[in-house]
>>> print(open('start-v5.cif').read())   # mmCIF, C-alpha atoms and all ligand atoms
data_run
#
loop_
_atom_site.label_atom_id
_atom_site.label_comp_id
_atom_site.auth_asym_id
_atom_site.auth_seq_id
_atom_site.Cartn_x
_atom_site.Cartn_y
_atom_site.Cartn_z
CA LYS A 1 0.00 0.00 0.00
CA GLU A 2 1.03 3.57 -0.71
CA ALA A 3 2.27 5.60 2.25
CA VAL A 4 3.54 8.74 0.52
CA ALA A 5 3.19 9.95 -3.04
CA PHE A 6 4.83 12.99 -4.59
CA LYS A 7 3.07 13.63 -7.87
CA GLN A 8 5.01 15.90 -10.20
CA VAL A 9 5.70 18.34 -7.42
CA ASP A 10 7.29 21.74 -8.02
CA LYS A 11 8.09 24.06 -5.15
CA ILE A 12 9.18 27.56 -5.95
CA PHE A 13 9.83 30.07 -3.16
CA ASN A 14 9.16 33.77 -3.75
CA ASN A 15 8.70 33.20 -7.48
CA GLU A 16 12.43 32.64 -7.88
CA THR A 17 14.04 29.87 -5.82
CA ILE A 18 13.32 26.46 -7.28
CA ALA A 19 13.44 24.05 -4.36
CA LEU A 20 11.75 21.08 -6.06
CA SER A 21 11.22 20.44 -9.72
CA ASP A 22 9.01 17.74 -11.23
CA PHE A 23 9.57 15.58 -8.17
CA ASP A 24 7.86 12.22 -8.51
CA LEU A 25 8.23 9.49 -5.90
CA THR A 26 6.06 6.81 -4.33
CA VAL A 27 6.91 5.30 -0.94
CA HIS A 28 5.17 2.12 0.19
CA GLU A 29 4.15 1.20 3.72
CA GLY A 30 6.98 -0.27 5.76
CA GLU A 31 9.75 1.22 3.62
CA PHE A 32 12.69 3.16 5.04
CA VAL A 33 13.50 5.76 2.41
CA CYS A 34 16.39 8.20 2.65
CA PHE A 35 16.45 11.49 0.76
CA LEU A 36 20.12 11.94 -0.05
CA GLY A 37 21.74 14.95 -1.65
CA PRO A 38 23.90 18.02 -1.09
CA SER A 39 22.82 20.99 0.97
CA GLY A 40 20.17 23.09 -0.77
CA CYS A 41 18.87 20.37 -3.10
CA GLY A 42 15.39 20.46 -1.56
CA LYS A 43 15.42 17.53 0.90
CA SER A 44 13.92 19.45 3.82
CA THR A 45 11.39 21.13 1.58
CA ALA A 46 10.19 17.72 0.36
CA LEU A 47 10.00 16.30 3.89
CA ARG A 48 8.23 19.34 5.31
CA MET A 49 5.52 19.06 2.67
CA VAL A 50 4.80 15.51 3.79
CA ALA A 51 4.14 16.98 7.24
CA GLY A 52 1.79 19.59 5.78
CA LEU A 53 4.36 22.36 6.27
CA GLY A 54 4.14 24.17 2.95
CA GLU A 55 2.06 23.43 -0.13
CA PRO A 56 3.43 22.39 -3.50
CA THR A 57 3.49 25.17 -6.09
CA ASN A 58 2.42 22.58 -8.67
CA GLY A 59 1.48 18.93 -8.29
CA GLU A 60 0.33 17.04 -5.23
CA VAL A 61 1.61 15.33 -2.11
CA GLU A 62 -0.52 12.54 -0.65
CA VAL A 63 -0.03 10.62 2.57
CA PHE A 64 -2.03 7.40 2.95
CA GLY A 65 -4.24 8.77 0.18
CA HIS A 66 -5.04 11.99 2.06
CA SER A 67 -3.74 15.54 2.11
CA PRO A 68 -1.01 15.91 4.74
CA LYS A 69 -2.80 18.83 6.42
CA GLU A 70 -5.91 16.70 6.98
CA LEU A 71 -3.88 13.91 8.52
CA ILE A 72 -1.94 16.23 10.81
CA GLN A 73 -5.17 17.78 12.07
CA ASP A 74 -7.25 14.65 12.45
CA THR A 75 -4.82 11.84 13.30
CA ASN A 76 -1.51 10.97 14.93
CA ASP A 77 -0.36 9.14 11.81
CA ILE A 78 2.59 11.48 11.14
CA ALA A 79 5.42 12.39 13.52
CA PHE A 80 8.44 14.61 12.85
CA VAL A 81 11.93 14.54 14.36
CA PHE A 82 14.21 17.49 13.64
CA GLN A 83 17.98 17.83 13.82
CA ASP A 84 17.61 19.93 16.92
CA ALA A 85 15.79 17.78 19.48
CA ASN A 86 13.35 20.63 20.26
CA LEU A 87 12.61 19.65 23.86
CA LEU A 88 10.89 21.98 26.28
CA PRO A 89 13.68 22.83 28.75
CA TRP A 90 11.37 23.46 31.71
CA LYS A 91 9.74 20.03 31.45
CA THR A 92 11.17 16.70 32.54
CA VAL A 93 11.99 13.93 30.08
CA LEU A 94 8.76 12.15 31.01
CA ASP A 95 6.65 15.31 30.61
CA ASN A 96 8.22 16.10 27.23
CA VAL A 97 7.20 12.65 25.99
CA LEU A 98 3.76 12.92 27.60
CA LEU A 99 3.01 16.10 25.66
CA PRO A 100 1.66 14.55 22.45
CA LEU A 101 -0.17 11.90 24.48
CA ARG A 102 -1.95 14.56 26.55
CA LEU A 103 -3.13 16.21 23.35
CA ARG A 104 -4.61 12.91 22.26
CA GLY A 105 -6.54 12.35 25.47
CA GLY A 106 -7.33 9.07 27.20
CA SER A 107 -6.59 7.96 30.76
CA LYS A 108 -3.56 9.47 32.47
CA ARG A 109 -2.42 6.06 33.61
CA GLU A 110 -2.40 4.69 30.08
CA GLN A 111 -0.58 7.79 28.84
CA LYS A 112 2.14 7.36 31.42
CA LYS A 113 2.46 3.66 30.64
CA GLU A 114 2.95 4.46 26.96
CA ALA A 115 5.48 7.24 27.67
CA VAL A 116 7.50 4.91 29.87
CA ARG A 117 7.32 2.18 27.24
CA VAL A 118 8.85 4.37 24.51
CA LEU A 119 11.44 5.83 26.89
CA LYS A 120 12.50 2.28 27.79
CA MET A 121 12.74 1.49 24.10
CA VAL A 122 15.32 4.25 23.65
CA GLY A 123 17.19 3.27 26.83
CA LEU A 124 16.12 6.18 29.03
CA ALA A 125 14.07 4.39 31.68
CA ASP A 126 16.35 5.82 34.38
CA TYR A 127 15.98 9.43 33.26
CA LEU A 128 12.24 10.05 33.52
CA LYS A 129 12.68 12.88 36.03
CA ALA A 130 15.76 14.47 34.43
CA TYR A 131 15.62 17.81 32.64
CA PRO A 132 16.93 18.26 29.08
CA ARG A 133 19.92 20.35 30.22
CA GLN A 134 21.14 17.37 32.25
CA LEU A 135 21.32 15.18 29.14
CA SER A 136 23.94 14.72 26.42
CA GLY A 137 23.10 15.47 22.79
CA GLY A 138 22.51 11.81 22.03
CA MET A 139 20.18 11.43 25.00
CA LYS A 140 18.20 14.50 23.97
CA MET A 141 17.79 12.99 20.52
CA ARG A 142 16.57 9.77 22.14
CA VAL A 143 13.92 11.75 24.03
CA SER A 144 12.89 13.44 20.82
CA ILE A 145 12.54 10.06 19.10
CA ALA A 146 10.58 8.67 22.05
CA ARG A 147 8.24 11.66 21.90
CA ALA A 148 7.62 11.02 18.21
CA LEU A 149 6.99 7.32 18.82
CA ALA A 150 4.63 7.94 21.73
CA ALA A 151 1.84 8.93 19.37
CA LYS A 152 2.26 5.59 17.54
CA PRO A 153 2.72 7.23 14.15
CA LYS A 154 2.39 5.20 10.96
CA LEU A 155 4.87 7.53 9.28
CA LEU A 156 7.99 8.92 10.92
CA LEU A 157 9.73 11.88 9.27
CA MET A 158 13.32 12.61 10.29
CA ASP A 159 15.36 15.60 9.09
CA GLU A 160 19.08 14.95 9.69
CA PRO A 161 18.36 13.75 13.24
CA PHE A 162 21.90 12.53 13.91
CA ALA A 163 23.89 15.22 12.09
CA ALA A 164 24.93 17.05 15.25
CA LEU A 165 26.07 13.95 17.14
CA ASP A 166 29.54 12.47 17.51
CA GLU A 167 30.36 9.41 15.41
CA ILE A 168 29.95 6.77 18.11
CA THR A 169 26.65 8.13 19.38
CA ARG A 170 25.45 8.38 15.80
CA GLN A 171 26.25 4.73 15.10
CA THR A 172 24.50 3.62 18.26
CA LEU A 173 21.38 5.60 17.45
CA GLN A 174 21.36 4.37 13.85
CA GLN A 175 21.26 0.77 15.08
CA GLU A 176 18.56 1.63 17.62
CA LEU A 177 16.49 3.30 14.94
CA LEU A 178 16.66 0.21 12.70
CA ASP A 179 15.57 -1.87 15.65
CA ILE A 180 12.62 0.44 16.36
CA TRP A 181 11.64 0.57 12.70
CA GLN A 182 11.33 -3.22 12.61
CA LYS A 183 9.50 -3.47 15.93
CA GLU A 184 6.99 -0.73 15.25
CA LYS A 185 6.50 -1.55 11.56
CA MET A 186 6.51 2.09 10.52
CA THR A 187 7.28 3.85 7.30
CA ILE A 188 10.27 6.17 7.68
CA LEU A 189 11.37 9.08 5.50
CA PHE A 190 14.83 10.24 6.50
CA VAL A 191 16.76 13.24 5.20
CA THR A 192 20.55 13.05 5.13
CA HIS A 193 23.52 14.31 3.17
CA ASN A 194 25.60 11.37 4.42
CA VAL A 195 26.02 8.58 1.87
CA PHE A 196 27.06 6.01 4.49
CA GLU A 197 24.06 6.79 6.64
CA ALA A 198 21.70 6.43 3.69
CA VAL A 199 23.17 3.08 2.64
CA LEU A 200 23.19 1.74 6.20
CA LEU A 201 19.63 2.68 7.05
CA SER A 202 17.42 2.61 4.05
CA THR A 203 15.61 0.10 1.90
CA ARG A 204 15.59 2.71 -0.87
CA ILE A 205 17.55 5.88 -1.49
CA ALA A 206 16.08 8.84 -3.35
CA VAL A 207 19.14 10.63 -4.67
CA MET A 208 18.54 14.32 -5.29
CA SER A 209 20.65 16.47 -7.53
CA ALA A 210 22.59 19.63 -6.77
CA ARG A 211 20.47 21.27 -9.39
CA PRO A 212 17.75 22.10 -6.94
CA GLY A 213 14.97 19.67 -6.47
CA ARG A 214 15.62 17.12 -9.17
CA LEU A 215 15.34 13.47 -8.31
CA SER A 216 18.35 12.01 -10.10
CA SER A 217 17.82 8.36 -9.26
CA VAL A 218 16.15 5.95 -6.89
CA ILE A 219 18.33 3.11 -5.64
CA ASP A 220 17.08 -0.11 -4.07
CA ILE A 221 19.29 -1.30 -1.27
CA ASP A 222 19.00 -5.05 -1.24
CA ILE A 223 22.45 -5.86 0.05
CA PRO A 224 21.85 -8.18 2.99
CA PHE A 225 23.10 -5.81 5.65
CA PRO A 226 22.81 -7.21 9.14
CA ARG A 227 19.66 -5.39 10.09
CA PRO A 228 18.55 -6.12 13.64
P1 LIG B 1 18.16 20.89 1.79
O1 LIG B 1 17.24 20.39 2.86
O2 LIG B 1 18.44 19.85 0.75
O3 LIG B 1 19.40 21.48 2.33
P2 LIG B 1 16.12 22.90 1.45
O4 LIG B 1 14.89 22.13 1.15
O5 LIG B 1 16.30 23.39 2.84
O6 LIG B 1 17.39 22.05 1.01
O7 LIG B 1 16.21 24.14 0.47
C1 LIG B 1 16.08 24.03 -0.93
C2 LIG B 1 16.18 25.40 -1.55
O8 LIG B 1 15.01 26.14 -1.19
C3 LIG B 1 17.35 26.20 -1.05
O9 LIG B 1 17.79 27.00 -2.11
C4 LIG B 1 16.76 27.04 0.08
O10 LIG B 1 17.49 28.22 0.28
C5 LIG B 1 15.37 27.31 -0.45
N1 LIG B 1 14.35 27.49 0.62
C6 LIG B 1 13.98 26.58 1.53
N2 LIG B 1 13.03 27.05 2.35
C7 LIG B 1 12.80 28.31 1.94
C8 LIG B 1 11.92 29.33 2.38
N3 LIG B 1 11.08 29.15 3.41
N4 LIG B 1 11.95 30.51 1.71
C9 LIG B 1 12.78 30.70 0.68
N5 LIG B 1 13.64 29.78 0.21
C10 LIG B 1 13.64 28.59 0.83
P1 LIG B 2 17.84 22.11 6.82
O1 LIG B 2 19.08 22.30 7.64
O2 LIG B 2 16.95 21.04 7.36
O3 LIG B 2 18.09 21.98 5.36
P2 LIG B 2 17.39 24.88 6.69
O4 LIG B 2 18.34 25.30 7.73
O5 LIG B 2 17.73 24.94 5.24
O6 LIG B 2 16.93 23.38 7.04
O7 LIG B 2 16.01 25.63 6.88
C1 LIG B 2 15.43 25.80 8.13
C2 LIG B 2 14.19 26.71 7.98
O8 LIG B 2 14.52 27.88 7.23
C3 LIG B 2 13.07 26.05 7.21
O9 LIG B 2 11.84 26.46 7.78
C4 LIG B 2 13.17 26.59 5.79
O10 LIG B 2 11.92 26.63 5.15
C5 LIG B 2 13.73 27.98 6.05
N1 LIG B 2 14.61 28.42 4.95
C6 LIG B 2 15.60 27.72 4.38
N2 LIG B 2 16.20 28.43 3.40
C7 LIG B 2 15.57 29.61 3.37
C8 LIG B 2 15.71 30.79 2.57
N3 LIG B 2 16.61 30.89 1.59
N4 LIG B 2 14.89 31.83 2.83
C9 LIG B 2 13.97 31.74 3.79
N5 LIG B 2 13.78 30.66 4.58
C10 LIG B 2 14.56 29.61 4.37
#
>>> encode(input="start-v5.cif", output="structure tokens")
Amino acid sequence: KEAVAFKQVDKIFNNETIALSDFDLTVHEGEFVCFLGPSGCGKSTALRMVAGLGEPTNGEVEVFGHSPKELIQDTNDIAFVFQDANLLPWKTVLDNVLLPLRLRGGSKREQKKEAVRVLKMVGLADYLKAYPRQLSGGMKMRVSIARALAAKPKLLLMDEPFAALDEITRQTLQQELLDIWQKEKMTILFVTHNVFEAVLLSTRIAVMSARPGRLSSVIDIDIPFPRP
């Protein structure tokens, strides 16, 4: 089944900057697709549109057959993780993760159970009461990922989530993410400019060209990498 479809999408900012041009791509449920390309080629613009942040100038973006804006308003199907973990500094780790759950409603006990479940999954069970400033960069990113997972999204969007981390932390989190992807059976769209990261993580790579917004090729990764 189709998770995300870009249908001949153009995105032009201020009538002059071409960020995407005739961008056509279909992502199926359960895939892990990386958008790979140099800075400025339109990766973030493409990802943001899937989250309903910005409309195509021409063409259409569909998520599970709906407009992204509809889905964002009416469901928890889409979650977004940015490069900067974006935690609220005055809230504890647990409260940061509870935030999207509170918006959804339901019993407080169930919400807490779910928040603790996802925090365990990212190895932060012992840090529920800690504040973001007490955590390393990698731990903050783990909280951010847990917060995204708490809403049980069907589609996880990640924009260079590991770019600011040191190499060892990055490798650890990459393995954890693969593990989570398999457990939670999500579709993931992941923006990176790092070739190794794209090859390690994805089932398919959408290579974008330095000429802004052109999809130059789509590569299937079927090398039997030891995925968890
Ligand atoms: P990437 O994520 O691959 O680095 P972006 O999608 O951020 O690329 O940007 C693609 C192009 O669109 C760049 O030239 C960028 O400057 C431009 N752009 C992105 N967002 C905006 C915006 N809100 N207003 C004007 N130009 C933008
Ligand atoms: P990324 O690092 O993910 O590529 P950027 O740093 O390019 O993201 O962009 C961050 C924010 O700034 C986005 O909201 C994007 O739309 C906006 N932006 C990017 N380029 C421009 C630009 N040339 N003019 C105005 N806004 C921009």
>>> residues_near_ligand(input="start-v5.cif", ligand="ligand LIG 2 (chain B)", cutoff="9 Å", atoms="all atoms listed in the file", output="CSV table (one decimal) with C-alpha atoms, in the coordinates of the input")
chain,number,residue,atom,x,y,z
A,13,PHE,CA,9.8,30.1,-3.2
A,14,ASN,CA,9.2,33.8,-3.8
A,17,THR,CA,14.0,29.9,-5.8
A,39,SER,CA,22.8,21.0,1.0
A,40,GLY,CA,20.2,23.1,-0.8
A,41,CYS,CA,18.9,20.4,-3.1
A,42,GLY,CA,15.4,20.5,-1.6
A,43,LYS,CA,15.4,17.5,0.9
A,44,SER,CA,13.9,19.4,3.8
A,45,THR,CA,11.4,21.1,1.6
A,48,ARG,CA,8.2,19.3,5.3
A,53,LEU,CA,4.4,22.4,6.3
A,54,GLY,CA,4.1,24.2,3.0
A,82,PHE,CA,14.2,17.5,13.6
A,83,GLN,CA,18.0,17.8,13.8
A,159,ASP,CA,15.4,15.6,9.1
A,160,GLU,CA,19.1,15.0,9.7
A,191,VAL,CA,16.8,13.2,5.2
>>> residues_near_point(input="start-v5.cif", point="(4.6, 5.7, 15.2)", cutoff="8 Å", atoms="all atoms listed in the file", output="list in words")
Asp77, Ile78, Ala79, Ala148, Leu149, Ala150, Ala151, Lys152, Pro153, Lys154, Leu155, Leu156, Glu184 and Met186 of chain A
>>> residues_around(input="start-v5.cif", residues="Val143 of chain A", least_positions_apart="3", cutoff="9 Å", atoms="all atoms listed in the file", output="MDAnalysis selection string")
chainID A and resid 85 87 93:94 96:97 118:119 122 124 132 138:140 146:148
>>> write_last_selection(input="start-v5.cif", atoms="C-alpha atoms", output="compact mmCIF listing (two decimals), in the frame of the given file")
# COMPACT_ATOMS: atom_id res chain seq x y z
CA ALA A 85 15.79 17.78 19.48
CA LEU A 87 12.61 19.65 23.86
CA VAL A 93 11.99 13.93 30.08
CA LEU A 94 8.76 12.15 31.01
CA ASN A 96 8.22 16.10 27.23
CA VAL A 97 7.20 12.65 25.99
CA VAL A 118 8.85 4.37 24.51
CA LEU A 119 11.44 5.83 26.89
CA VAL A 122 15.32 4.25 23.65
CA LEU A 124 16.12 6.18 29.03
CA PRO A 132 16.93 18.26 29.08
CA GLY A 138 22.51 11.81 22.03
CA MET A 139 20.18 11.43 25.00
CA LYS A 140 18.20 14.50 23.97
CA ALA A 146 10.58 8.67 22.05
CA ARG A 147 8.24 11.66 21.90
CA ALA A 148 7.62 11.02 18.21
>>> residues_around(input="start-v5.cif", residues="segment 59-61 of chain A", least_positions_apart="2", cutoff="8 Å", atoms="only C-alpha atoms", output="short mmCIF file (atom, residue, chain, number, x, y, z; two decimals) with C-alpha atoms, keeping the file's coordinate frame")
data_model
loop_
_atom_site.label_atom_id
_atom_site.label_comp_id
_atom_site.auth_asym_id
_atom_site.auth_seq_id
_atom_site.Cartn_x
_atom_site.Cartn_y
_atom_site.Cartn_z
CA VAL A 4 3.54 8.74 0.52
CA ALA A 5 3.19 9.95 -3.04
CA PHE A 6 4.83 12.99 -4.59
CA LYS A 7 3.07 13.63 -7.87
CA GLN A 8 5.01 15.90 -10.20
CA VAL A 9 5.70 18.34 -7.42
CA ASP A 10 7.29 21.74 -8.02
CA MET A 49 5.52 19.06 2.67
CA VAL A 50 4.80 15.51 3.79
CA PRO A 56 3.43 22.39 -3.50
CA THR A 57 3.49 25.17 -6.09
CA VAL A 63 -0.03 10.62 2.57
CA SER A 67 -3.74 15.54 2.11
CA PRO A 68 -1.01 15.91 4.74
#
>>> atom_distance(input="start-v5.cif", atom1="atom CA of Leu20 of chain A", atom2="atom N5 of ligand LIG 1 (chain B)")
10.9 Å
>>> residues_around(input="start-v5.cif", residues="segment 178-180 of chain A", least_positions_apart="5", cutoff="12 Å", atoms="only C-alpha atoms", output="PyMOL selection string")
chain A and resi 30-32+118-123+142+145-146+148-149+152+156+171-173+185-188+190+197+200-203+225-228
>>> write_last_selection(input="start-v5.cif", atoms="C-alpha atoms", output="tab-separated table (two decimals), in the frame of the given file")
chain	number	residue	atom	x	y	z
A	30	GLY	CA	6.98	-0.27	5.76
A	31	GLU	CA	9.75	1.22	3.62
A	32	PHE	CA	12.69	3.16	5.04
A	118	VAL	CA	8.85	4.37	24.51
A	119	LEU	CA	11.44	5.83	26.89
A	120	LYS	CA	12.50	2.28	27.79
A	121	MET	CA	12.74	1.49	24.10
A	122	VAL	CA	15.32	4.25	23.65
A	123	GLY	CA	17.19	3.27	26.83
A	142	ARG	CA	16.57	9.77	22.14
A	145	ILE	CA	12.54	10.06	19.10
A	146	ALA	CA	10.58	8.67	22.05
A	148	ALA	CA	7.62	11.02	18.21
A	149	LEU	CA	6.99	7.32	18.82
A	152	LYS	CA	2.26	5.59	17.54
A	156	LEU	CA	7.99	8.92	10.92
A	171	GLN	CA	26.25	4.73	15.10
A	172	THR	CA	24.50	3.62	18.26
A	173	LEU	CA	21.38	5.60	17.45
A	185	LYS	CA	6.50	-1.55	11.56
A	186	MET	CA	6.51	2.09	10.52
A	187	THR	CA	7.28	3.85	7.30
A	188	ILE	CA	10.27	6.17	7.68
A	190	PHE	CA	14.83	10.24	6.50
A	197	GLU	CA	24.06	6.79	6.64
A	200	LEU	CA	23.19	1.74	6.20
A	201	LEU	CA	19.63	2.68	7.05
A	202	SER	CA	17.42	2.61	4.05
A	203	THR	CA	15.61	0.10	1.90
A	225	PHE	CA	23.10	-5.81	5.65
A	226	PRO	CA	22.81	-7.21	9.14
A	227	ARG	CA	19.66	-5.39	10.09
A	228	PRO	CA	18.55	-6.12	13.64
>>> closest_residue(input="start-v5.cif", among="A:Leu98, A:Thr92, A:Ala210, A:Leu177", to="Glu110 of chain A", atoms="all atoms listed in the file")
A:Leu98
>>> atom_distance(input="start-v5.cif", atom1="atom CA of Leu25 of chain A", atom2="atom CA of His66 of chain A")
15.7 Å
>>> closest_residue(input="start-v5.cif", among="A:Leu101, A:Leu71, A:Met208, A:Leu165", to="ligand LIG 1 (chain B)", atoms="all atoms listed in the file")
A:Met208
>>> atom_distance(input="start-v5.cif", atom1="atom P1 of ligand LIG 1 (chain B)", atom2="atom CA of Gly37 of chain A")
7.7 Å
>>> closest_residue(input="start-v5.cif", among="A:Ala125, A:Arg104, A:His193, A:Thr75", to="Ser209 of chain A", atoms="all atoms listed in the file")
A:His193
>>> axis_aligned_box(input="start-v5.cif", around="segment 122-139 of chain A", padding_each_side="4 Å", output="lines of an AutoDock Vina configuration file")
center_x = 18.1
center_y = 11.8
center_z = 29.0
size_x = 19.7
size_y = 25.1
size_z = 22.0
>>> closest_residue(input="start-v5.cif", among="A:Asn15, A:Ser144, A:Ser216, A:Asn86", to="ligand LIG 1 (chain B)", atoms="only C-alpha atoms and all ligand atoms")
A:Asn15
>>> residues_around(input="start-v5.cif", residues="Leu189 of chain A", least_positions_apart="6", cutoff="6 Å", atoms="only C-alpha atoms", output="list in words")
Val33, Cys34 and Leu157 of chain A
